[in-house]
Structure formats: structure tokens, C-alpha cells
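Reproduced below: upload_0.pdb, with PDB, N, CA and C atoms and all ligand atoms.
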```pdb
MODEL        1
ATOM      1  N   MET A  12      -1.082   1.916  25.790  1.00  0.00           N
ATOM      2  CA  MET A  12      -2.000   1.203  24.887  1.00  0.00           C
ATOM      3  C   MET A  12      -1.811   1.733  23.469  1.00  0.00           C
ATOM      4  N   PRO A  13      -0.997   1.066  22.662  1.00  0.00           N
ATOM      5  CA  PRO A  13      -0.690   1.595  21.337  1.00  0.00           C
ATOM      6  C   PRO A  13      -1.832   1.410  20.353  1.00  0.00           C
ATOM      7  N   LEU A  14      -2.004   2.377  19.497  1.00  0.00           N
ATOM      8  CA  LEU A  14      -2.967   2.286  18.416  1.00  0.00           C
ATOM      9  C   LEU A  14      -2.344   1.495  17.269  1.00  0.00           C
ATOM     10  N   MET A  15      -3.054   0.490  16.840  1.00  0.00           N
ATOM     11  CA  MET A  15      -2.551  -0.364  15.774  1.00  0.00           C
ATOM     12  C   MET A  15      -3.440  -0.259  14.543  1.00  0.00           C
ATOM     13  N   VAL A  16      -2.887  -0.597  13.409  1.00  0.00           N
ATOM     14  CA  VAL A  16      -3.684  -0.762  12.195  1.00  0.00           C
ATOM     15  C   VAL A  16      -3.265  -2.067  11.530  1.00  0.00           C
ATOM     16  N   LYS A  17      -4.145  -2.554  10.696  1.00  0.00           N
ATOM     17  CA  LYS A  17      -3.824  -3.739   9.914  1.00  0.00           C
ATOM     18  C   LYS A  17      -3.575  -3.293   8.489  1.00  0.00           C
ATOM     19  N   CYS A  18      -2.419  -3.627   7.979  1.00  0.00           N
ATOM     20  CA  CYS A  18      -2.033  -3.197   6.640  1.00  0.00           C
ATOM     21  C   CYS A  18      -3.044  -3.683   5.612  1.00  0.00           C
ATOM     22  N   LYS A  19      -3.443  -2.766   4.711  1.00  0.00           N
ATOM     23  CA  LYS A  19      -4.429  -3.133   3.701  1.00  0.00           C
ATOM     24  C   LYS A  19      -3.794  -3.900   2.550  1.00  0.00           C
ATOM     25  N   SER A  20      -2.503  -3.940   2.516  1.00  0.00           N
ATOM     26  CA  SER A  20      -1.825  -4.654   1.438  1.00  0.00           C
ATOM     27  C   SER A  20      -1.389  -6.052   1.864  1.00  0.00           C
ATOM     28  N   CYS A  21      -0.693  -6.145   3.007  1.00  0.00           N
ATOM     29  CA  CYS A  21      -0.165  -7.446   3.421  1.00  0.00           C
ATOM     30  C   CYS A  21      -0.880  -7.982   4.656  1.00  0.00           C
ATOM     31  N   ARG A  22      -1.804  -7.205   5.219  1.00  0.00           N
ATOM     32  CA  ARG A  22      -2.595  -7.593   6.385  1.00  0.00           C
ATOM     33  C   ARG A  22      -1.757  -7.778   7.650  1.00  0.00           C
ATOM     34  N   GLY A  23      -0.559  -7.283   7.625  1.00  0.00           N
ATOM     35  CA  GLY A  23       0.242  -7.314   8.829  1.00  0.00           C
ATOM     36  C   GLY A  23      -0.161  -6.182   9.762  1.00  0.00           C
ATOM     37  N   GLU A  24      -0.009  -6.400  11.049  1.00  0.00           N
ATOM     38  CA  GLU A  24      -0.355  -5.375  12.015  1.00  0.00           C
ATOM     39  C   GLU A  24       0.876  -4.565  12.378  1.00  0.00           C
ATOM     40  N   PHE A  25       0.684  -3.266  12.458  1.00  0.00           N
ATOM     41  CA  PHE A  25       1.776  -2.419  12.915  1.00  0.00           C
ATOM     42  C   PHE A  25       1.197  -1.247  13.672  1.00  0.00           C
ATOM     43  N   SER A  26       2.017  -0.582  14.463  1.00  0.00           N
ATOM     44  CA  SER A  26       1.518   0.505  15.287  1.00  0.00           C
ATOM     45  C   SER A  26       1.439   1.775  14.458  1.00  0.00           C
ATOM     46  N   SER A  27       0.281   2.438  14.549  1.00  0.00           N
ATOM     47  CA  SER A  27       0.060   3.670  13.800  1.00  0.00           C
ATOM     48  C   SER A  27       0.956   4.783  14.321  1.00  0.00           C
ATOM     49  N   LYS A  28       1.349   5.688  13.438  1.00  0.00           N
ATOM     50  CA  LYS A  28       2.095   6.851  13.893  1.00  0.00           C
ATOM     51  C   LYS A  28       1.167   7.814  14.627  1.00  0.00           C
ATOM     52  N   TYR A  29      -0.124   7.574  14.446  1.00  0.00           N
ATOM     53  CA  TYR A  29      -1.088   8.370  15.177  1.00  0.00           C
ATOM     54  C   TYR A  29      -1.332   7.723  16.531  1.00  0.00           C
ATOM     55  N   GLN A  30      -0.920   8.391  17.584  1.00  0.00           N
ATOM     56  CA  GLN A  30      -1.133   7.898  18.933  1.00  0.00           C
ATOM     57  C   GLN A  30      -1.792   9.000  19.745  1.00  0.00           C
ATOM     58  N   MET A  31      -2.532   8.613  20.737  1.00  0.00           N
ATOM     59  CA  MET A  31      -3.201   9.617  21.557  1.00  0.00           C
ATOM     60  C   MET A  31      -3.066   9.256  23.035  1.00  0.00           C
ATOM     61  N   ASN A  32      -3.021  10.300  23.831  1.00  0.00           N
ATOM     62  CA  ASN A  32      -2.953  10.091  25.270  1.00  0.00           C
ATOM     63  C   ASN A  32      -4.341  10.036  25.892  1.00  0.00           C
ATOM     64  N   ASP A  33      -5.232  10.838  25.334  1.00  0.00           N
ATOM     65  CA  ASP A  33      -6.578  10.909  25.882  1.00  0.00           C
ATOM     66  C   ASP A  33      -7.530  10.158  24.957  1.00  0.00           C
ATOM     67  N   THR A  34      -7.980   9.006  25.385  1.00  0.00           N
ATOM     68  CA  THR A  34      -8.832   8.198  24.527  1.00  0.00           C
ATOM     69  C   THR A  34     -10.306   8.558  24.647  1.00  0.00           C
ATOM     70  N   SER A  35     -10.647   9.509  25.498  1.00  0.00           N
ATOM     71  CA  SER A  35     -12.062   9.822  25.683  1.00  0.00           C
ATOM     72  C   SER A  35     -12.653  10.445  24.423  1.00  0.00           C
ATOM     73  N   SER A  36     -11.878  11.281  23.739  1.00  0.00           N
ATOM     74  CA  SER A  36     -12.397  11.901  22.514  1.00  0.00           C
ATOM     75  C   SER A  36     -12.485  10.883  21.384  1.00  0.00           C
ATOM     76  N   TRP A  37     -11.659   9.861  21.456  1.00  0.00           N
ATOM     77  CA  TRP A  37     -11.646   8.823  20.426  1.00  0.00           C
ATOM     78  C   TRP A  37     -13.005   8.151  20.300  1.00  0.00           C
ATOM     79  N   HIS A  38     -13.698   7.989  21.425  1.00  0.00           N
ATOM     80  CA  HIS A  38     -14.940   7.234  21.423  1.00  0.00           C
ATOM     81  C   HIS A  38     -16.152   8.094  21.100  1.00  0.00           C
ATOM     82  N   LYS A  39     -15.933   9.374  20.861  1.00  0.00           N
ATOM     83  CA  LYS A  39     -17.050  10.207  20.433  1.00  0.00           C
ATOM     84  C   LYS A  39     -17.435   9.835  19.003  1.00  0.00           C
ATOM     85  N   PRO A  40     -18.751   9.757  18.731  1.00  0.00           N
ATOM     86  CA  PRO A  40     -19.199   9.302  17.403  1.00  0.00           C
ATOM     87  C   PRO A  40     -18.758  10.220  16.274  1.00  0.00           C
ATOM     88  N   ASN A  41     -18.587  11.500  16.561  1.00  0.00           N
ATOM     89  CA  ASN A  41     -18.227  12.422  15.486  1.00  0.00           C
ATOM     90  C   ASN A  41     -16.713  12.566  15.332  1.00  0.00           C
ATOM     91  N   TYR A  42     -15.978  11.813  16.091  1.00  0.00           N
ATOM     92  CA  TYR A  42     -14.535  11.871  15.973  1.00  0.00           C
ATOM     93  C   TYR A  42     -14.104  11.120  14.724  1.00  0.00           C
ATOM     94  N   ASN A  43     -13.356  11.802  13.889  1.00  0.00           N
ATOM     95  CA  ASN A  43     -12.952  11.145  12.655  1.00  0.00           C
ATOM     96  C   ASN A  43     -11.460  11.285  12.438  1.00  0.00           C
ATOM     97  N   LEU A  44     -10.959  10.461  11.581  1.00  0.00           N
ATOM     98  CA  LEU A  44      -9.524  10.407  11.366  1.00  0.00           C
ATOM     99  C   LEU A  44      -9.260   9.901   9.961  1.00  0.00           C
ATOM    100  N   GLU A  45      -8.346  10.536   9.293  1.00  0.00           N
ATOM    101  CA  GLU A  45      -7.906  10.047   7.986  1.00  0.00           C
ATOM    102  C   GLU A  45      -6.410  10.271   7.926  1.00  0.00           C
ATOM    103  N   ILE A  46      -5.681   9.206   7.814  1.00  0.00           N
ATOM    104  CA  ILE A  46      -4.243   9.319   7.898  1.00  0.00           C
ATOM    105  C   ILE A  46      -3.624   8.321   6.930  1.00  0.00           C
ATOM    106  N   SER A  47      -2.549   8.733   6.292  1.00  0.00           N
ATOM    107  CA  SER A  47      -1.851   7.790   5.421  1.00  0.00           C
ATOM    108  C   SER A  47      -0.636   7.261   6.163  1.00  0.00           C
ATOM    109  N   LEU A  48      -0.511   5.954   6.150  1.00  0.00           N
ATOM    110  CA  LEU A  48       0.547   5.290   6.900  1.00  0.00           C
ATOM    111  C   LEU A  48       1.337   4.371   5.978  1.00  0.00           C
ATOM    112  N   ILE A  49       2.604   4.284   6.255  1.00  0.00           N
ATOM    113  CA  ILE A  49       3.468   3.375   5.496  1.00  0.00           C
ATOM    114  C   ILE A  49       3.675   2.120   6.323  1.00  0.00           C
ATOM    115  N   CYS A  50       3.344   0.992   5.754  1.00  0.00           N
ATOM    116  CA  CYS A  50       3.525  -0.276   6.450  1.00  0.00           C
ATOM    117  C   CYS A  50       5.006  -0.611   6.538  1.00  0.00           C
ATOM    118  N   PRO A  51       5.505  -0.895   7.735  1.00  0.00           N
ATOM    119  CA  PRO A  51       6.916  -1.270   7.865  1.00  0.00           C
ATOM    120  C   PRO A  51       7.189  -2.662   7.307  1.00  0.00           C
ATOM    121  N   GLY A  52       6.132  -3.442   7.113  1.00  0.00           N
ATOM    122  CA  GLY A  52       6.313  -4.796   6.612  1.00  0.00           C
ATOM    123  C   GLY A  52       6.505  -4.842   5.108  1.00  0.00           C
ATOM    124  N   CYS A  53       5.603  -4.170   4.366  1.00  0.00           N
ATOM    125  CA  CYS A  53       5.651  -4.261   2.907  1.00  0.00           C
ATOM    126  C   CYS A  53       6.009  -2.930   2.254  1.00  0.00           C
ATOM    127  N   GLY A  54       6.019  -1.848   3.030  1.00  0.00           N
ATOM    128  CA  GLY A  54       6.423  -0.553   2.485  1.00  0.00           C
ATOM    129  C   GLY A  54       5.356   0.170   1.696  1.00  0.00           C
ATOM    130  N   LYS A  55       4.134  -0.364   1.672  1.00  0.00           N
ATOM    131  CA  LYS A  55       3.052   0.263   0.919  1.00  0.00           C
ATOM    132  C   LYS A  55       2.365   1.332   1.755  1.00  0.00           C
ATOM    133  N   THR A  56       1.946   2.403   1.084  1.00  0.00           N
ATOM    134  CA  THR A  56       1.225   3.480   1.747  1.00  0.00           C
ATOM    135  C   THR A  56      -0.265   3.321   1.493  1.00  0.00           C
ATOM    136  N   ASN A  57      -1.051   3.365   2.565  1.00  0.00           N
ATOM    137  CA  ASN A  57      -2.499   3.289   2.452  1.00  0.00           C
ATOM    138  C   ASN A  57      -3.132   4.325   3.367  1.00  0.00           C
ATOM    139  N   GLU A  58      -4.387   4.659   3.039  1.00  0.00           N
ATOM    140  CA  GLU A  58      -5.145   5.576   3.882  1.00  0.00           C
ATOM    141  C   GLU A  58      -5.887   4.781   4.946  1.00  0.00           C
ATOM    142  N   TYR A  59      -5.812   5.279   6.166  1.00  0.00           N
ATOM    143  CA  TYR A  59      -6.470   4.596   7.269  1.00  0.00           C
ATOM    144  C   TYR A  59      -7.401   5.552   7.993  1.00  0.00           C
ATOM    145  N   SER A  60      -8.588   5.058   8.280  1.00  0.00           N
ATOM    146  CA  SER A  60      -9.565   5.854   9.003  1.00  0.00           C
ATOM    147  C   SER A  60      -9.645   5.356  10.442  1.00  0.00           C
ATOM    148  N   LYS A  61     -10.522   5.981  11.193  1.00  0.00           N
ATOM    149  CA  LYS A  61     -10.681   5.589  12.591  1.00  0.00           C
ATOM    150  C   LYS A  61     -11.060   4.113  12.703  1.00  0.00           C
ATOM    151  N   GLU A  62     -11.911   3.655  11.779  1.00  0.00           N
ATOM    152  CA  GLU A  62     -12.381   2.276  11.842  1.00  0.00           C
ATOM    153  C   GLU A  62     -11.246   1.282  11.627  1.00  0.00           C
ATOM    154  N   ASP A  63     -10.198   1.724  10.973  1.00  0.00           N
ATOM    155  CA  ASP A  63      -9.073   0.825  10.712  1.00  0.00           C
ATOM    156  C   ASP A  63      -8.150   0.706  11.922  1.00  0.00           C
ATOM    157  N   HIS A  64      -8.304   1.624  12.852  1.00  0.00           N
ATOM    158  CA  HIS A  64      -7.435   1.604  14.029  1.00  0.00           C
ATOM    159  C   HIS A  64      -8.049   0.769  15.140  1.00  0.00           C
ATOM    160  N   PHE A  65      -7.200   0.162  15.914  1.00  0.00           N
ATOM    161  CA  PHE A  65      -7.676  -0.565  17.092  1.00  0.00           C
ATOM    162  C   PHE A  65      -6.581  -0.539  18.148  1.00  0.00           C
ATOM    163  N   PHE A  66      -7.013  -0.697  19.361  1.00  0.00           N
ATOM    164  CA  PHE A  66      -6.078  -0.697  20.487  1.00  0.00           C
ATOM    165  C   PHE A  66      -5.598  -2.111  20.760  1.00  0.00           C
ATOM    166  N   LYS A  67      -4.359  -2.217  21.107  1.00  0.00           N
ATOM    167  CA  LYS A  67      -3.828  -3.535  21.399  1.00  0.00           C
ATOM    168  C   LYS A  67      -3.087  -3.474  22.728  1.00  0.00           C
TER     169      LYS A  67
HETATM  170 ZN    ZN B 101       1.968  -4.206   4.683  1.00  0.00          ZN
ENDMDL
END
```
Could you render the structure from this file as C-alpha cells?
Amino acid sequence: MPLMVKCKSCRGEFSSKYQMNDTSSWHKPNYNLEISLICPGCGKTNEYSKEDHFFK
């Protein structure tokens, strides 16, 4: 189950470099994430938080 993000520049979806095997900690309310990702579609770098990630 890959973690995906939606690019904030071109709105294309791509798989985050942040992946996890254990999703139980992901659903904890205090679990947070801040990661900068480069979109393979447009090449722009944006900051992505937990809310920007989704499972596909
Ligand atoms: Zn993009």
C-alpha cells in the first residue's frame, strides 16, 4: 500500500519517498510528518505533511 501525495504545483499524484511498513503509528493523532518531496512530473519541490499523504 504505497503512500502517495498530490503535487502542490501541478496536482499530479506520485508516490512519496516516505513509506512505512507499520501503519498503526500513522493513525495516532500525535503522529506528525514534514517532508520535502520533488515531484517527478513537474520537478518542483514542496513541503508535505501527514495530511498531504494518502494511501492508494
Ligand atoms: Zn508536480
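For the file shown, the residue list from the PyMOL selection byres (((chain A and resi 24 and name CA) around 12) and not hetatm and name CA) reads Pro13, Leu14, Met15, Val16, Lys17, Cys18, Lys19, Ser20, Cys21, Arg22, Gly23, Phe25, Ser26, Ser27, Leu48, Ile49, Cys50, Pro51, Gly52, Cys53, Asp63, His64, Phe65, Phe66 and Lys67 of chain A.
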Distance of CA of Glu45 in chain A from atom N of Tyr59 in chain A, expressed in Å to one decimal place: 5.5 Å
Would you kindly identify which residues have an atom no farther than 8 Å from (-4.7, 12.1, 9.9), using all atoms listed in the file and the file's own coordinates, and write them out as a count of residues only? 8
Apply DSSP to the structure's backbone, then extract all residues of chain A labelled strand (DSSP E or B) and return them as a ChimeraX atom specification. /A:14-17,24-26,45-49,56-60,64-66
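Among A:Met12, A:Trp37, A:Asn57, A:Lys28, the residue with the shortest atom-to-atom distance to ligand ZN 101 (chain B), counting only C-alpha atoms and all ligand atoms, is A:Asn57.
CA of Glu62 in chain A is found 14.7 Å from atom N of Met31 in chain A.
The gap separating atom N of Glu58 in chain A from CA of Asn32 in chain A is 22.9 Å, in Å to one decimal.
With distances restricted to all atoms listed in the file, A:Gly54 is the closest residue to ligand ZN 101 (chain B) from A:Tyr42, A:Ser35, A:Gly54, A:Gln30.
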